[in-house]
file query.cif (mmCIF, C-alpha atoms)
data_final
#
loop_
_atom_site.label_atom_id
_atom_site.label_comp_id
_atom_site.auth_asym_id
_atom_site.auth_seq_id
_atom_site.Cartn_x
_atom_site.Cartn_y
_atom_site.Cartn_z
CA MET C 1 -1.92 -8.17 -2.35
CA ARG C 2 -1.41 -11.56 -3.93
CA ARG C 3 -1.31 -10.63 -7.59
CA LEU C 4 -0.39 -7.29 -9.13
CA SER C 5 -2.49 -7.70 -12.30
CA PHE C 6 -5.94 -9.21 -12.22
CA VAL C 7 -9.60 -9.15 -13.17
CA THR C 8 -12.17 -9.23 -10.39
CA ALA C 9 -15.90 -9.04 -9.78
CA ALA C 10 -15.23 -7.38 -6.41
CA ARG C 11 -14.98 -3.67 -5.71
CA LEU C 12 -11.52 -2.34 -6.66
CA ASP C 13 -9.19 -1.33 -3.84
CA HIS C 14 -7.22 1.63 -5.19
CA ALA C 15 -5.32 2.13 -1.92
CA ALA C 16 -4.18 -1.50 -1.85
CA LEU C 17 -2.81 -1.20 -5.40
CA CYS C 18 -0.91 1.94 -4.39
CA ARG C 19 0.55 0.22 -1.33
CA ALA C 20 1.50 -2.82 -3.42
CA VAL C 21 3.84 -0.81 -5.66
CA SER C 22 5.38 1.35 -2.96
CA SER C 23 9.08 1.06 -2.23
CA PRO C 24 11.66 3.04 -0.26
CA ASN C 25 13.45 3.52 -3.58
CA HIS C 26 10.51 5.38 -5.10
CA GLY C 27 9.94 9.10 -4.96
CA ALA C 28 6.81 9.06 -7.11
CA LEU C 29 3.53 7.22 -7.28
CA ALA C 30 1.13 7.96 -10.14
CA SER C 31 -2.25 6.31 -10.16
CA PHE C 32 -5.37 6.23 -12.29
CA VAL C 33 -8.93 5.17 -11.59
CA GLY C 34 -11.59 4.91 -14.27
CA THR C 35 -15.15 5.32 -13.04
CA VAL C 36 -18.66 4.99 -14.44
CA ARG C 37 -20.01 8.38 -15.55
CA ALA C 38 -23.59 9.55 -15.10
CA VAL C 39 -23.74 10.90 -18.64
CA HIS C 40 -22.09 9.52 -21.76
CA ALA C 41 -22.53 10.76 -25.31
CA GLY C 42 -25.55 12.75 -24.19
CA ARG C 43 -27.32 9.75 -22.59
CA ARG C 44 -28.10 9.49 -18.88
CA VAL C 45 -26.39 6.34 -17.62
CA LYS C 46 -27.69 4.27 -14.73
CA ALA C 47 -25.09 1.50 -14.77
CA VAL C 48 -22.49 -0.16 -16.98
CA SER C 49 -21.99 -3.93 -17.35
CA TYR C 50 -18.43 -5.08 -18.00
CA ASP C 51 -18.13 -8.35 -19.87
CA CYS C 52 -14.69 -9.96 -20.00
CA PHE C 53 -12.91 -13.00 -21.44
CA VAL C 54 -11.12 -13.45 -18.14
CA PRO C 55 -8.21 -15.84 -18.87
CA LEU C 56 -6.97 -13.82 -21.83
CA ALA C 57 -7.69 -10.51 -20.09
CA GLU C 58 -5.53 -11.50 -17.14
CA LYS C 59 -2.72 -12.56 -19.45
CA GLU C 60 -2.94 -9.28 -21.34
CA LEU C 61 -2.90 -7.29 -18.10
CA ALA C 62 0.20 -9.21 -17.01
CA ARG C 63 1.84 -8.51 -20.38
CA ILE C 64 1.02 -4.81 -20.17
CA LYS C 65 2.41 -4.63 -16.63
CA ALA C 66 5.59 -6.41 -17.77
CA ALA C 67 5.95 -4.13 -20.80
CA ALA C 68 5.64 -1.03 -18.61
CA GLU C 69 8.19 -2.40 -16.15
CA ARG C 70 10.61 -3.15 -18.98
CA ARG C 71 10.23 0.31 -20.45
CA TRP C 72 10.43 2.30 -17.20
CA PRO C 73 12.09 1.52 -13.85
CA ALA C 74 8.62 1.12 -12.40
CA ARG C 75 6.54 -1.19 -10.27
CA VAL C 76 3.02 -1.47 -11.64
CA ALA C 77 -0.24 -2.85 -10.27
CA VAL C 78 -3.44 -3.00 -12.29
CA ALA C 79 -6.92 -4.39 -11.72
CA HIS C 80 -10.01 -4.44 -13.94
CA ARG C 81 -13.49 -4.98 -12.68
CA THR C 82 -16.26 -7.07 -14.24
CA GLY C 83 -20.00 -7.18 -13.73
CA ARG C 84 -22.63 -4.48 -13.38
CA LEU C 85 -21.29 -1.22 -11.93
CA LYS C 86 -23.28 1.78 -10.75
CA VAL C 87 -22.39 5.39 -11.53
CA GLY C 88 -19.23 6.40 -9.64
CA GLU C 89 -17.92 2.85 -9.19
CA ALA C 90 -14.37 2.12 -10.36
CA SER C 91 -13.94 -0.08 -13.43
CA VAL C 92 -10.15 0.02 -13.59
CA ALA C 93 -7.39 1.04 -11.19
CA ILE C 94 -3.69 1.40 -11.93
CA ALA C 95 -0.75 2.36 -9.73
CA ALA C 96 2.83 2.98 -10.90
CA GLY C 97 5.65 3.58 -8.44
CA CYS C 98 8.96 4.93 -9.74
CA GLY C 99 12.05 6.84 -8.73
CA HIS C 100 10.84 9.96 -10.49
CA ARG C 101 7.54 11.52 -11.46
CA ALA C 102 7.93 11.66 -15.24
CA GLU C 103 8.39 7.89 -15.39
CA ALA C 104 5.54 7.25 -12.97
CA PHE C 105 3.11 9.30 -15.05
CA ALA C 106 4.33 7.75 -18.30
CA ALA C 107 4.04 4.19 -17.02
CA CYS C 108 0.56 4.78 -15.59
CA ARG C 109 -0.67 6.39 -18.79
CA PHE C 110 0.84 3.61 -20.91
CA VAL C 111 -1.07 0.98 -18.94
CA ILE C 112 -4.49 2.57 -19.39
CA GLU C 113 -3.89 3.20 -23.11
CA GLU C 114 -2.83 -0.42 -23.65
CA ILE C 115 -5.83 -1.70 -21.69
CA LYS C 116 -8.15 0.14 -24.03
CA ARG C 117 -6.39 -1.29 -27.09
CA ARG C 118 -5.91 -4.91 -26.20
CA VAL C 119 -7.63 -6.26 -23.09
CA PRO C 120 -10.78 -8.28 -23.93
CA VAL C 121 -13.37 -6.28 -22.00
CA TRP C 122 -16.67 -4.90 -23.28
CA LYS C 123 -19.01 -2.31 -21.82
CA LYS C 124 -22.76 -2.26 -22.07
CA GLU C 125 -24.30 1.00 -20.91
CA HIS C 126 -27.70 0.85 -19.22
CA TYR C 127 -29.62 4.09 -19.59
CA VAL C 128 -32.05 5.77 -17.21
CA SER C 129 -34.58 5.54 -20.05
CA GLY C 130 -34.49 1.74 -19.75
CA ASP C 131 -32.60 0.70 -22.88
CA GLY C 132 -28.95 -0.27 -23.21
CA ARG C 133 -26.12 -0.40 -25.70
CA TRP C 134 -22.80 -2.19 -26.18
CA LEU C 135 -20.13 0.41 -26.88
CA ALA C 136 -17.95 0.41 -29.97
CA GLY C 137 -14.29 -0.40 -29.47
CA CYS C 138 -10.90 -1.40 -30.84
CA ALA C 139 -10.62 -4.50 -33.05
CA LEU C 140 -8.14 -7.04 -31.68
CA HIS C 141 -5.17 -8.33 -33.66
CA ARG C 142 -2.63 -11.01 -33.00
CA ARG C 143 0.46 -9.64 -31.32
CA ARG C 144 3.91 -11.08 -31.51
CA ALA C 145 5.07 -12.07 -28.03
CA MET D 1 -12.48 17.35 3.54
CA ARG D 2 -12.69 21.00 4.54
CA ARG D 3 -10.18 22.54 2.15
CA LEU D 4 -9.00 21.22 -1.19
CA SER D 5 -5.57 22.88 -1.10
CA PHE D 6 -3.53 23.08 2.07
CA VAL D 7 -0.27 22.62 3.93
CA THR D 8 -0.21 20.33 6.93
CA ALA D 9 2.15 18.84 9.48
CA ALA D 10 -0.06 15.74 9.65
CA ARG D 11 0.29 12.59 7.58
CA LEU D 12 -1.26 13.07 4.12
CA ASP D 13 -4.49 11.22 3.36
CA HIS D 14 -4.27 10.32 -0.34
CA ALA D 15 -7.59 8.48 -0.31
CA ALA D 16 -9.40 11.47 1.19
CA LEU D 17 -8.06 13.74 -1.55
CA CYS D 18 -9.24 11.27 -4.18
CA ARG D 19 -12.71 11.11 -2.62
CA ALA D 20 -12.84 14.89 -2.39
CA VAL D 21 -12.58 15.34 -6.17
CA SER D 22 -14.85 12.50 -7.19
CA SER D 23 -18.08 13.23 -9.03
CA PRO D 24 -20.68 11.22 -10.95
CA ASN D 25 -19.70 13.36 -13.95
CA HIS D 26 -16.12 12.12 -13.92
CA GLY D 27 -14.83 9.08 -15.73
CA ALA D 28 -11.20 9.59 -14.72
CA LEU D 29 -9.21 10.22 -11.59
CA ALA D 30 -5.45 10.77 -11.85
CA SER D 31 -3.44 11.13 -8.70
CA PHE D 32 0.15 11.65 -7.67
CA VAL D 33 1.99 11.09 -4.41
CA GLY D 34 5.57 12.23 -3.81
CA THR D 35 7.46 10.21 -1.19
CA VAL D 36 10.80 10.39 0.58
CA ARG D 37 13.38 8.15 -1.12
CA ALA D 38 15.98 6.06 0.66
CA VAL D 39 18.72 7.15 -1.73
CA HIS D 40 19.17 10.49 -3.42
CA ALA D 41 22.09 11.61 -5.57
CA GLY D 42 24.07 8.64 -4.30
CA ARG D 43 23.55 9.44 -0.60
CA ARG D 44 21.64 7.20 1.81
CA VAL D 45 18.78 9.26 3.20
CA LYS D 46 17.32 8.73 6.68
CA ALA D 47 14.74 11.52 6.65
CA VAL D 48 13.84 14.79 4.95
CA SER D 49 12.73 17.96 6.73
CA TYR D 50 10.28 20.15 4.83
CA ASP D 51 10.39 23.83 5.75
CA CYS D 52 7.58 26.03 4.45
CA PHE D 53 6.40 29.65 4.47
CA VAL D 54 2.88 28.47 5.14
CA PRO D 55 0.63 31.48 4.39
CA LEU D 56 2.17 32.07 0.96
CA ALA D 57 2.45 28.34 0.24
CA GLU D 58 -1.27 27.86 0.86
CA LYS D 59 -2.09 30.80 -1.40
CA GLU D 60 0.14 29.42 -4.13
CA LEU D 61 -1.45 25.97 -3.83
CA ALA D 62 -4.89 27.57 -4.13
CA ARG D 63 -3.73 29.53 -7.20
CA ILE D 64 -2.31 26.40 -8.82
CA LYS D 65 -5.52 24.49 -8.15
CA ALA D 66 -7.57 27.35 -9.64
CA ALA D 67 -5.27 27.56 -12.69
CA ALA D 68 -5.63 23.82 -13.32
CA GLU D 69 -9.41 24.03 -12.96
CA ARG D 70 -9.55 26.95 -15.41
CA ARG D 71 -7.40 25.13 -17.93
CA TRP D 72 -9.12 21.72 -17.74
CA PRO D 73 -12.68 20.72 -16.75
CA ALA D 74 -11.20 19.22 -13.59
CA ARG D 75 -11.67 19.13 -9.86
CA VAL D 76 -8.33 19.24 -8.08
CA ALA D 77 -7.22 18.61 -4.51
CA VAL D 78 -3.66 19.10 -3.31
CA ALA D 79 -1.87 18.88 0.02
CA HIS D 80 1.77 19.45 0.97
CA ARG D 81 3.31 18.18 4.14
CA THR D 82 5.78 19.97 6.43
CA GLY D 83 8.14 18.76 9.15
CA ARG D 84 10.50 15.84 9.36
CA LEU D 85 9.47 12.84 7.21
CA LYS D 86 10.94 9.36 7.23
CA VAL D 87 11.73 7.35 4.11
CA GLY D 88 8.51 6.27 2.38
CA GLU D 89 6.35 9.01 3.88
CA ALA D 90 4.34 11.20 1.51
CA SER D 91 5.41 14.83 1.10
CA VAL D 92 2.81 15.84 -1.45
CA ALA D 93 -0.45 14.36 -2.71
CA ILE D 94 -2.55 15.50 -5.66
CA ALA D 95 -5.83 14.23 -7.07
CA ALA D 96 -7.49 15.40 -10.28
CA GLY D 97 -10.94 14.21 -11.28
CA CYS D 98 -12.14 14.85 -14.85
CA GLY D 99 -14.52 13.63 -17.48
CA HIS D 100 -11.71 12.00 -19.44
CA ARG D 101 -8.28 10.56 -18.74
CA ALA D 102 -6.11 12.85 -20.87
CA GLU D 103 -7.35 15.88 -18.95
CA ALA D 104 -7.02 14.16 -15.59
CA PHE D 105 -3.38 13.23 -16.25
CA ALA D 106 -2.58 16.69 -17.64
CA ALA D 107 -4.13 18.52 -14.70
CA CYS D 108 -2.39 16.28 -12.16
CA ARG D 109 0.99 16.68 -13.86
CA PHE D 110 0.53 20.46 -14.13
CA VAL D 111 -0.06 20.75 -10.39
CA ILE D 112 3.12 18.92 -9.38
CA GLU D 113 5.23 20.86 -11.89
CA GLU D 114 3.86 24.17 -10.65
CA ILE D 115 4.42 23.17 -7.02
CA LYS D 116 8.09 22.60 -7.76
CA ARG D 117 8.41 25.98 -9.45
CA ARG D 118 6.53 28.28 -7.16
CA VAL D 119 5.42 26.97 -3.78
CA PRO D 120 7.70 28.17 -0.94
CA VAL D 121 8.85 24.82 0.43
CA TRP D 122 12.43 23.69 1.11
CA LYS D 123 13.87 20.23 1.72
CA LYS D 124 16.77 19.37 3.99
CA GLU D 125 17.98 15.81 3.55
CA HIS D 126 19.31 14.01 6.61
CA TYR D 127 21.77 11.28 5.70
CA VAL D 128 22.44 7.96 7.36
CA SER D 129 26.02 9.17 7.78
CA GLY D 130 24.78 11.86 10.18
CA ASP D 131 25.14 15.04 8.13
CA GLY D 132 22.47 16.92 6.20
CA ARG D 133 21.99 19.29 3.30
CA TRP D 134 19.44 21.78 2.02
CA LEU D 135 18.64 20.98 -1.60
CA ALA D 136 19.05 23.43 -4.44
CA GLY D 137 15.87 24.67 -6.10
CA CYS D 138 14.04 27.15 -8.30
CA ALA D 139 14.44 30.87 -7.64
CA LEU D 140 11.11 32.63 -7.04
CA HIS D 141 9.90 35.58 -9.10
CA ARG D 142 6.94 37.87 -8.79
CA ARG D 143 3.99 36.63 -10.81
CA ARG D 144 1.22 38.71 -12.25
CA ALA D 145 -2.09 37.68 -10.72
CA MET W 1 -15.19 -31.81 -35.82
CA LYS W 2 -17.45 -29.84 -33.46
CA ARG W 3 -15.87 -26.87 -31.70
CA LYS W 4 -17.48 -24.71 -29.06
CA ILE W 5 -16.87 -20.99 -29.54
CA GLU W 6 -17.54 -18.68 -26.60
CA LEU W 7 -19.27 -15.38 -27.35
CA TYR W 8 -18.55 -12.07 -25.63
CA GLY W 9 -19.78 -8.47 -25.55
CA ARG W 10 -22.37 -7.56 -28.18
CA LEU W 11 -22.28 -11.15 -29.50
CA ARG W 12 -24.16 -12.24 -26.41
CA ASP W 13 -27.15 -10.31 -27.73
CA ALA W 14 -27.31 -12.30 -31.00
CA GLY W 15 -29.82 -14.71 -29.54
CA LEU W 16 -27.30 -17.57 -29.60
CA GLY W 17 -26.51 -17.63 -25.88
CA SER W 18 -23.00 -17.45 -24.49
CA SER W 19 -21.48 -19.90 -26.97
CA VAL W 20 -22.09 -21.59 -30.33
CA SER W 21 -21.09 -25.03 -31.46
CA VAL W 22 -19.89 -25.21 -35.07
CA ASP W 23 -18.71 -28.00 -37.33
CA LEU W 24 -15.18 -27.30 -38.60
CA PRO W 25 -12.77 -29.19 -40.85
CA GLU W 26 -9.71 -30.75 -39.18
CA ASN W 27 -6.91 -28.13 -38.89
CA ALA W 28 -9.28 -25.32 -39.77
CA THR W 29 -7.77 -21.83 -39.73
CA ALA W 30 -9.27 -18.86 -37.91
CA ARG W 31 -10.35 -17.48 -41.29
CA GLN W 32 -12.25 -20.69 -42.11
CA ALA W 33 -13.84 -20.72 -38.67
CA LEU W 34 -15.01 -17.11 -39.10
CA ALA W 35 -16.67 -18.04 -42.42
CA VAL W 36 -18.54 -20.89 -40.72
CA LEU W 37 -19.51 -18.59 -37.83
CA LYS W 38 -20.89 -16.10 -40.35
CA SER W 39 -23.40 -18.70 -41.51
CA ALA W 40 -24.24 -19.63 -37.94
CA PHE W 41 -25.04 -15.99 -37.17
CA GLY W 42 -27.30 -15.76 -40.25
CA ALA W 43 -29.15 -12.42 -40.21
CA LYS W 44 -26.95 -11.26 -37.33
CA ALA W 45 -23.71 -11.80 -39.28
CA SER W 46 -22.96 -8.06 -39.29
CA LEU W 47 -22.18 -8.45 -35.56
CA LEU W 48 -19.02 -10.28 -36.63
CA GLN W 49 -17.46 -7.15 -38.14
CA GLY W 50 -14.15 -6.44 -36.43
CA CYS W 51 -14.32 -9.67 -34.39
CA ALA W 52 -11.31 -11.91 -33.80
CA LEU W 53 -10.90 -15.48 -32.61
CA ALA W 54 -8.74 -16.05 -29.57
CA THR W 55 -7.58 -18.73 -27.20
CA ASP W 56 -7.16 -18.08 -23.51
CA GLU W 57 -3.54 -17.20 -24.33
CA ALA W 58 -3.66 -15.00 -27.42
CA VAL W 59 -5.62 -13.55 -30.30
CA LEU W 60 -5.31 -15.63 -33.48
CA ALA W 61 -4.22 -14.31 -36.87
CA SER W 62 -6.53 -15.29 -39.71
CA GLY W 63 -4.08 -17.86 -41.08
CA ASP W 64 -3.49 -19.55 -37.71
CA ALA W 65 -4.83 -23.08 -37.25
CA LEU W 66 -7.26 -23.35 -34.35
CA PRO W 67 -5.41 -24.89 -31.41
CA ALA W 68 -7.00 -27.20 -28.84
CA GLY W 69 -8.54 -25.66 -25.74
CA ARG W 70 -10.91 -22.74 -25.22
CA LEU W 71 -11.87 -20.66 -28.21
CA ALA W 72 -13.62 -17.32 -28.02
CA LEU W 73 -15.01 -14.87 -30.55
CA LEU W 74 -14.13 -11.35 -29.42
CA PRO W 75 -15.70 -8.12 -30.68
CA PRO W 76 -13.72 -4.87 -30.69
CA VAL W 77 -12.75 -4.18 -27.07
CA CYS W 78 -13.53 -1.15 -24.92
CA GLY W 79 -12.23 -1.76 -21.44
CA GLY W 80 -10.91 0.77 -18.97
CA MET N 1 12.34 51.88 10.51
CA LYS N 2 12.98 48.39 11.89
CA ARG N 3 11.50 45.53 9.90
CA LYS N 4 11.53 41.89 10.87
CA ILE N 5 12.37 39.54 8.01
CA GLU N 6 11.58 35.84 8.41
CA LEU N 7 14.17 33.35 7.18
CA TYR N 8 13.43 30.00 5.52
CA GLY N 9 15.20 26.93 4.18
CA ARG N 10 18.99 27.15 4.05
CA LEU N 11 18.82 30.68 5.53
CA ARG N 12 17.91 29.15 8.87
CA ASP N 13 21.44 27.71 8.99
CA ALA N 14 23.12 31.13 8.73
CA GLY N 15 23.36 31.38 12.51
CA LEU N 16 20.84 34.23 12.58
CA GLY N 17 17.87 32.25 13.89
CA SER N 18 14.48 32.19 12.17
CA SER N 19 14.33 35.93 11.49
CA VAL N 20 16.48 39.06 11.33
CA SER N 21 15.59 42.60 12.24
CA VAL N 22 16.98 45.22 9.86
CA ASP N 23 16.83 49.02 9.72
CA LEU N 24 15.28 50.17 6.44
CA PRO N 25 14.49 53.61 4.98
CA GLU N 26 10.83 54.58 4.74
CA ASN N 27 9.30 53.17 1.50
CA ALA N 28 12.31 50.95 0.90
CA THR N 29 12.09 48.71 -2.14
CA ALA N 30 12.78 44.96 -2.13
CA ARG N 31 16.11 45.72 -3.87
CA GLN N 32 17.15 48.12 -1.09
CA ALA N 33 16.09 45.65 1.56
CA LEU N 34 18.16 42.89 -0.06
CA ALA N 35 21.24 45.15 -0.01
CA VAL N 36 20.74 45.79 3.71
CA LEU N 37 20.22 42.04 4.31
CA LYS N 38 23.47 41.34 2.50
CA SER N 39 25.35 43.34 5.13
CA ALA N 40 23.39 41.65 7.92
CA PHE N 41 24.45 38.24 6.59
CA GLY N 42 28.13 39.32 6.48
CA ALA N 43 30.33 36.33 5.67
CA LYS N 44 27.18 34.27 4.89
CA ALA N 45 25.96 36.73 2.22
CA SER N 46 26.38 34.10 -0.53
CA LEU N 47 23.34 32.34 0.96
CA LEU N 48 21.26 35.21 -0.47
CA GLN N 49 21.92 34.17 -4.07
CA GLY N 50 18.64 33.47 -5.80
CA CYS N 51 16.60 34.63 -2.78
CA ALA N 52 13.46 36.75 -3.08
CA LEU N 53 11.48 38.81 -0.61
CA ALA N 54 7.82 37.97 -0.21
CA THR N 55 4.76 38.86 1.79
CA ASP N 56 2.26 36.24 2.87
CA GLU N 57 0.39 37.04 -0.37
CA ALA N 58 3.06 37.21 -3.07
CA VAL N 59 6.69 37.34 -4.07
CA LEU N 60 7.94 40.92 -4.52
CA ALA N 61 9.67 42.26 -7.62
CA SER N 62 12.90 44.10 -6.89
CA GLY N 63 11.34 47.52 -7.56
CA ASP N 64 8.31 46.91 -5.31
CA ALA N 65 8.07 48.94 -2.11
CA LEU N 66 7.89 46.73 0.97
CA PRO N 67 4.26 46.60 2.11
CA ALA N 68 3.17 46.39 5.76
CA GLY N 69 2.71 42.93 7.27
CA ARG N 70 4.85 39.81 7.27
CA LEU N 71 8.01 39.79 5.21
CA ALA N 72 10.00 36.69 4.42
CA LEU N 73 13.28 36.04 2.64
CA LEU N 74 12.85 32.93 0.47
CA PRO N 75 15.65 30.83 -1.08
CA PRO N 76 15.05 28.92 -4.31
CA VAL N 77 12.22 26.46 -3.65
CA CYS N 78 12.21 22.69 -3.96
CA GLY N 79 8.88 21.39 -2.76
CA GLY N 80 7.01 18.35 -3.96
#
call {"tool": "encode", "arguments": {"input": "query.cif", "output": "structure tokens"}}
result
Amino acid sequence: MRRLSFVTAARLDHAALCRAVSSPNHGALASFVGTVRAVHAGRRVKAVSYDCFVPLAEKELARIKAAAERRWPARVAVAHRTGRLKVGEASVAIAAGCGHRAEAFAACRFVIEEIKRRVPVWKKEHYVSGDGRWLAGCALHRRRA
Amino acid sequence: MRRLSFVTAARLDHAALCRAVSSPNHGALASFVGTVRAVHAGRRVKAVSYDCFVPLAEKELARIKAAAERRWPARVAVAHRTGRLKVGEASVAIAAGCGHRAEAFAACRFVIEEIKRRVPVWKKEHYVSGDGRWLAGCALHRRRA
Amino acid sequence: MKRKIELYGRLRDAGLGSSVSVDLPENATARQALAVLKSAFGAKASLLQGCALATDEAVLASGDALPAGRLALLPPVCGG
Amino acid sequence: MKRKIELYGRLRDAGLGSSVSVDLPENATARQALAVLKSAFGAKASLLQGCALATDEAVLASGDALPAGRLALLPPVCGG
């Protein structure tokens, strides 16, 4: 895998991310995949469109990966999908390889929480009933590098 | 996948476990893979042999899966490997699919912690230097069903 | 000077397309640009609540001068 | 009566093979069986520290009578 943090319109390859962070020095690999749910907030969902300001999103993903790798002795890979996804398709995939499990879980969890707070991505849900809605989110703020 | 909790002498299929717990009602999949490390406690490791009392181990894995699924609205799959594994090979793989990420992480973490406490499996490390050692562990106690 | 501001997320539904072009004073700050954008959005100005201006490198603070290069107006995010 | 007790983990290195056969009183408890196993292990009896007897269904408490079926002597576990 060329890059370990990226945005893509192609189907996410969870297994490739896991392989990319593997190492003979690791005893633990924690991973997370976010998928499109059939029901959200009581509405039947048909698909979700992911809009993204790609250049900034890729920089933020790289910063989150670097922050996780500074904080834990981990190797992290993360990919976020864009475009219209059907129910069950993966929107985000994260893999964190570490010496030990506590660090692997912590690093993986950190990455998904940071993505939700600071990566410029927006979801529009398309309902079975025909209408759609942009979901509410987290306001962005300047961060000190 | 036939069974969602099992012991096997065959290579673990992480992706198959992940697929097995997927559902259109889930937005989150957390997974964990434990692998053989090249160095442990300062010794260079060549391989690890996993011994197992299989009938009880499979019952304990099924009980852990059931406990996780009672505690969280999760679907869990778990497999533990036996036999001699080389560095980098997976000894245990867990997948937990849930509506939301906090539950998926919690269920996945619970399963690995319970495995370490109560599943009858033993590791013997084989060192590059030629010798080997059974690792210390957690004493078993009767549990109320 | 004219600056093009890219629009994302719910802002794409404002009927303005995927970007707006606004006239800004030289060395305008993000705060000034947001005020001008508010007029441009007219009846849809409530869509700007919680939005931030950003370059392709970073989100801008309200007192930051707009740098050269791409500029985007970003609603509250909900990735993952 | 003779009962076969399977050995696992470090107990396999005691030079006794993968199981031992021990003579136990009728309705022996796990505690009584462990005392008999201690003699069987002789100089290697320290290997029994932290070990528990189990069936293929459950770990036995020390006061439990040994049920019929498979019996195994299990050292502290370290799976995962």
call {"tool": "atom_distance", "arguments": {"input": "query.cif", "atom1": "CA of His126 (chain C)", "atom2": "CA of Leu7 (chain W)"}}
result
20.0 Å
call {"tool": "interface_residues", "arguments": {"input": "query.cif", "of": "chain C", "to": "chain N", "cutoff": "12 Å", "atoms": "only C-alpha atoms", "output": "NGL selection string"}}
result
:C and (27-28 or 100-101)
call {"tool": "interface_residues", "arguments": {"input": "query.cif", "of": "chain D", "to": "chain C", "cutoff": "8 Å", "atoms": "all atoms listed in the file", "output": "ChimeraX atom specification"}}
result
/D:15,22-39,87-88,99,101,105,109
call {"tool": "resolve_selection", "arguments": {"input": "query.cif", "expression": "the PyMOL selection byres ((chain C and resi 63) around 12)", "output": "number ranges by chain"}}
result
C: 4-6, 56-62, 64-70, 76-78, 111, 114-115, 118-119, 143-145; W: 57-58
call {"tool": "residues_around", "arguments": {"input": "query.cif", "residues": "Gly63 (chain W)", "least_positions_apart": "5", "cutoff": "7 Å", "atoms": "all atoms listed in the file", "output": "ChimeraX atom specification"}}
result
/W:29-31
call {"tool": "atom_distance", "arguments": {"input": "query.cif", "atom1": "CA of Ser49 (chain C)", "atom2": "CA of Thr82 (chain C)"}}
result
7.2 Å
call {"tool": "resolve_selection", "arguments": {"input": "query.cif", "expression": "the PyMOL selection byres ((chain N and resi 77) around 12)", "output": "PyMOL selection string"}}
result
(chain D and resi 50-53+57+114-124+134-141) or (chain N and resi 8-10+50-52+73-76+78-80)
call {"tool": "residues_near_point", "arguments": {"input": "query.cif", "point": "(12.7, 35.8, 12.3)", "cutoff": "6 Å", "atoms": "all atoms listed in the file", "output": "ChimeraX atom specification"}}
result
/N:5-7,18-20
call {"tool": "residues_around", "arguments": {"input": "query.cif", "residues": "Gly15 (chain W)", "least_positions_apart": "4", "cutoff": "10 Å", "atoms": "only C-alpha atoms", "output": "PDB file with C-alpha atoms, in the frame of the given file"}}
result
ATOM      1  CA  LEU W  11     -22.280 -11.150 -29.500  1.00  0.00           C
ATOM      2  CA  PHE W  41     -25.040 -15.990 -37.170  1.00  0.00           C
ATOM      3  CA  LYS W  44     -26.950 -11.260 -37.330  1.00  0.00           C
TER       4      LYS W  44
END
call {"tool": "residues_near_point", "arguments": {"input": "query.cif", "point": "(-33.5, 2.4, -21.1)", "cutoff": "12 Å", "atoms": "all atoms listed in the file", "output": "list of chain:residue names"}}
result
C:Arg43, C:Arg44, C:Val45, C:Lys46, C:Ala47, C:Lys124, C:Glu125, C:His126, C:Tyr127, C:Val128, C:Ser129, C:Gly130, C:Asp131, C:Gly132, C:Arg133
call {"tool": "axis_aligned_box", "arguments": {"input": "query.cif", "around": "region 26-29 of chain N", "padding_each_side": "8 Å", "output": "AutoDock Vina command-line options"}}
result
--center_x 10.8 --center_y 51.6 --center_z 1.3 --size_x 19.0 --size_y 21.9 --size_z 22.9
call {"tool": "atom_distance", "arguments": {"input": "query.cif", "atom1": "CA of Ala61 (chain N)", "atom2": "CA of Arg142 (chain D)"}}
result
5.3 Å
call {"tool": "closest_residue", "arguments": {"input": "query.cif", "among": "C:Ala107, C:Val7, C:Val21, C:Ala41", "to": "Arg75 (chain C)", "atoms": "all atoms listed in the file"}}
result
C:Val21
call {"tool": "residues_around", "arguments": {"input": "query.cif", "residues": "Arg3 (chain W)", "least_positions_apart": "2", "cutoff": "8 Å", "atoms": "only C-alpha atoms", "output": "ChimeraX atom specification"}}
result
/W:1,5,21-24
call {"tool": "decode", "arguments": {"input": "query.cif", "residues": "region 46-50 of chain W", "atoms": "N, CA, C and O atoms", "output": "short mmCIF file (atom, residue, chain, number, x, y, z; two decimals), in the first residue's frame"}}
result
data_model
loop_
_atom_site.label_atom_id
_atom_site.label_comp_id
_atom_site.auth_asym_id
_atom_site.auth_seq_id
_atom_site.Cartn_x
_atom_site.Cartn_y
_atom_site.Cartn_z
N SER W 46 -28.54 31.22 7.25
CA SER W 46 -28.50 30.38 8.46
C SER W 46 -27.64 29.12 8.24
O SER W 46 -27.15 28.51 9.19
N LEU W 47 -27.46 28.75 6.96
CA LEU W 47 -26.59 27.60 6.65
C LEU W 47 -25.16 27.84 7.09
O LEU W 47 -24.38 26.90 7.23
N LEU W 48 -24.80 29.10 7.29
CA LEU W 48 -23.41 29.42 7.65
C LEU W 48 -23.10 29.19 9.12
O LEU W 48 -21.93 29.25 9.52
N GLN W 49 -24.14 28.92 9.93
CA GLN W 49 -23.89 28.69 11.36
C GLN W 49 -22.92 27.53 11.57
O GLN W 49 -23.11 26.44 11.05
N GLY W 50 -21.89 27.81 12.35
CA GLY W 50 -20.91 26.76 12.67
C GLY W 50 -19.90 26.51 11.56
O GLY W 50 -19.06 25.61 11.69
#
